[in-house]
Structures are given as C-alpha cells and as structure tokens.
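Below is one structure, written out as structure tokens, with a few remarks after it.
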Amino acid sequence: LGFLGLAFATAAASWLNIAILAWVLARRGHAPLDGRFKARLPRSLAASLVMGGAVYGLDRLLDPWFASGDDGLRIAALAVLVGGGALVFAVLALALGAIRLGEIKEVVKRGRAR
C-alpha cells in the first residue's frame, strides 16, 4: 500500500482510539450519550459525507496543481483543499443543525476568558 497504507493505518487507529475512549467514558458515566447527541449525530455524519465528496471533487480539480513540480503551487492546492473541506463542513453543519452558531460563539467566548 505504500504511503497510503500509513495514512490508512493512522486513520483506523485514531477511529479505534475514539471508539474505545467513548465506550470507557460512557461506562464510567463521564460522557453520557444524551438525546441531543443522538439527534445531532446523523446530521454531523451527513455533513461529513458531503464534505468528503467535496474534497474528493476538489482533489480531482486540483490534480494539475498537485502534479506540478512547483512546491508553491502544491502548497496552495493543499490549502484550497483543506480550507474548502472545512468551509463545506461548517456550512452544512450549521444548515443541518449539527451545531448552532450560538454554541460556537459560546466556545470562543469561553476560550477568550481563559
């Protein structure tokens, strides 16, 4: 698999770690999966799937940039890919109700208070 195998193994290990941590925290009562979480999970997954499709499409569009020998162009393509994916996810998460703008403002406000 080459370098793709390394990326896949890292992603798989991360997801396994998340699953184990969530299971342990839920068993200990530190992270109960309440109704709000259960209602938002499908919305978040939908936003993630659409974002994945958008990133895949952007990758195909930016393929000439990635294939060029110019490092500056390749870095720019990566920035567009990451930024585009983040933007698509944020817009969809807000539109689908996976998160509310007020909640984001609250987190930012708490971060500034520290």
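In the structure tokens, chains take letters A, B, ... by order of appearance, with residues numbered from 1 within each chain and ligands from 1 in the order shown.
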
Contact residues around range 30-45 of chain A with only C-alpha atoms at 8 Å, ignoring same-chain residues under 5 positions, as an MDAnalysis selection string = chainID A and resid 22 25 93 96:99

Mind dumping the selected residues with all heavy atoms as a compact mmCIF listing (two decimals), in the first residue's frame?
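See selection_28.txt below for the written result:
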# COMPACT_ATOMS: atom_id res chain seq x y z
N ALA A 22 -14.68 6.61 23.95
CA ALA A 22 -16.11 6.90 24.12
C ALA A 22 -16.78 5.80 24.93
O ALA A 22 -17.60 6.08 25.81
CB ALA A 22 -16.78 7.03 22.75
N LEU A 25 -15.60 6.13 28.65
CA LEU A 25 -16.20 7.31 29.29
C LEU A 25 -17.69 7.12 29.52
O LEU A 25 -18.22 7.53 30.56
CB LEU A 25 -15.94 8.56 28.45
CG LEU A 25 -14.50 9.08 28.47
CD1 LEU A 25 -14.33 10.21 27.46
CD2 LEU A 25 -14.10 9.54 29.86
N ALA A 93 -22.89 21.80 8.52
CA ALA A 93 -23.18 21.52 9.93
C ALA A 93 -24.15 22.57 10.49
O ALA A 93 -25.07 22.23 11.23
CB ALA A 93 -21.89 21.49 10.74
N LEU A 96 -27.67 22.02 8.60
CA LEU A 96 -28.38 20.80 9.02
C LEU A 96 -28.71 20.78 10.50
O LEU A 96 -29.43 19.90 10.97
CB LEU A 96 -27.54 19.56 8.67
CG LEU A 96 -27.31 19.30 7.19
CD1 LEU A 96 -26.37 18.11 7.00
CD2 LEU A 96 -28.64 19.04 6.48
N GLY A 97 -28.17 21.74 11.26
CA GLY A 97 -28.45 21.79 12.68
C GLY A 97 -27.56 20.88 13.51
O GLY A 97 -27.90 20.54 14.64
N ALA A 98 -26.41 20.46 12.96
CA ALA A 98 -25.49 19.64 13.73
C ALA A 98 -24.83 20.47 14.83
O ALA A 98 -24.43 19.94 15.87
CB ALA A 98 -24.42 19.03 12.82
N ILE A 99 -24.76 21.77 14.60
CA ILE A 99 -24.24 22.71 15.59
C ILE A 99 -24.94 24.04 15.36
O ILE A 99 -25.42 24.33 14.27
CB ILE A 99 -22.71 22.85 15.50
CG1 ILE A 99 -22.17 23.56 16.73
CG2 ILE A 99 -22.30 23.55 14.23
CD1 ILE A 99 -20.70 23.38 16.94

Which residue of A:Gly69, A:Gly53, A:Pro64, A:Gly111 approaches Gly84 in chain A most closely, using only C-alpha atoms | A:Gly53

Distance in Å - CA of Leu61 in chain A versus CA of Leu94 in chain A | 25.9 Å

How would you write, as a PyMOL selection string, the set of residues in range 32-75 of chain A that DSSP gives as helix (DSSP H, G or I)?
-> chain A and resi 35-61+63-67+71-75

For CA of Ala79 in chain A and CA of Val91 in chain A, the interatomic separation in Å (one decimal) = 17.9 Å

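With only C-alpha atoms taken into account, the protein and nucleic acid residues at most 7 Å from Leu81 in chain A (excluding it and anything under 2 positions from it in its own chain) are Val55, Leu58, Asp59, Ala77, Leu78, Ala79, Gly83, Gly84 and Gly85 of chain A.
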
How about saving the chosen residues, all heavy atoms kept, as a compact mmCIF listing (two decimals), in the first residue's frame?
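The resulting file, again.txt, is reproduced below:
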# COMPACT_ATOMS: atom_id res chain seq x y z
N VAL A 55 -14.33 17.26 -1.01
CA VAL A 55 -12.87 17.21 -1.00
C VAL A 55 -12.37 16.30 -2.13
O VAL A 55 -11.38 16.63 -2.81
CB VAL A 55 -12.35 16.73 0.38
CG1 VAL A 55 -10.87 16.38 0.33
CG2 VAL A 55 -12.60 17.80 1.43
N LEU A 58 -12.77 18.34 -5.29
CA LEU A 58 -11.74 19.39 -5.34
C LEU A 58 -10.38 18.81 -5.67
O LEU A 58 -9.59 19.40 -6.41
CB LEU A 58 -11.67 20.11 -3.99
CG LEU A 58 -12.44 21.40 -3.82
CD1 LEU A 58 -12.31 21.92 -2.40
CD2 LEU A 58 -11.98 22.45 -4.81
N ASP A 59 -10.10 17.64 -5.12
CA ASP A 59 -8.81 16.98 -5.38
C ASP A 59 -8.67 16.68 -6.87
O ASP A 59 -7.60 16.87 -7.45
CB ASP A 59 -8.70 15.70 -4.56
CG ASP A 59 -7.39 15.00 -4.79
OD1 ASP A 59 -6.33 15.64 -4.66
OD2 ASP A 59 -7.41 13.79 -5.12
N ALA A 77 -2.54 24.38 -3.47
CA ALA A 77 -3.60 23.40 -3.73
C ALA A 77 -4.03 22.72 -2.45
O ALA A 77 -5.22 22.51 -2.21
CB ALA A 77 -3.11 22.37 -4.75
N LEU A 78 -3.07 22.38 -1.61
CA LEU A 78 -3.40 21.75 -0.33
C LEU A 78 -4.19 22.69 0.56
O LEU A 78 -5.17 22.28 1.21
CB LEU A 78 -2.12 21.29 0.38
CG LEU A 78 -2.32 20.57 1.70
CD1 LEU A 78 -3.14 19.29 1.50
CD2 LEU A 78 -0.98 20.24 2.33
N ALA A 79 -3.81 23.96 0.57
CA ALA A 79 -4.54 24.96 1.37
C ALA A 79 -5.98 25.10 0.87
O ALA A 79 -6.92 25.18 1.67
CB ALA A 79 -3.82 26.30 1.33
N GLY A 83 -9.03 24.11 3.26
CA GLY A 83 -9.96 25.22 3.51
C GLY A 83 -11.33 24.97 2.92
O GLY A 83 -12.36 25.24 3.55
N GLY A 84 -11.36 24.43 1.70
CA GLY A 84 -12.64 24.12 1.06
C GLY A 84 -13.42 23.06 1.83
O GLY A 84 -14.63 23.18 2.02
N GLY A 85 -12.72 22.03 2.29
CA GLY A 85 -13.37 20.98 3.07
C GLY A 85 -13.92 21.52 4.38
O GLY A 85 -15.05 21.20 4.77

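Reported to one decimal place, the separation of CA of Leu62 in chain A from CA of Leu87 in chain A is 16.8 Å.
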
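Minimum distance to Ala54 in chain A across A:Ala26, A:Val88, A:Ala13, A:Leu21 (counting only C-alpha atoms) occurs at A:Val88.
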
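Proximity of A:Val108, A:Met51, A:Ala76, A:Ala86 to Asp63 in chain A, computed with only C-alpha atoms, is greatest for A:Ala76.
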
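Restricting the calculation to only C-alpha atoms, the smallest distance between Ala90 in chain A and any of A:Ala12, A:Ala67, A:Ile18, A:Ala47 is found for A:Ala47.
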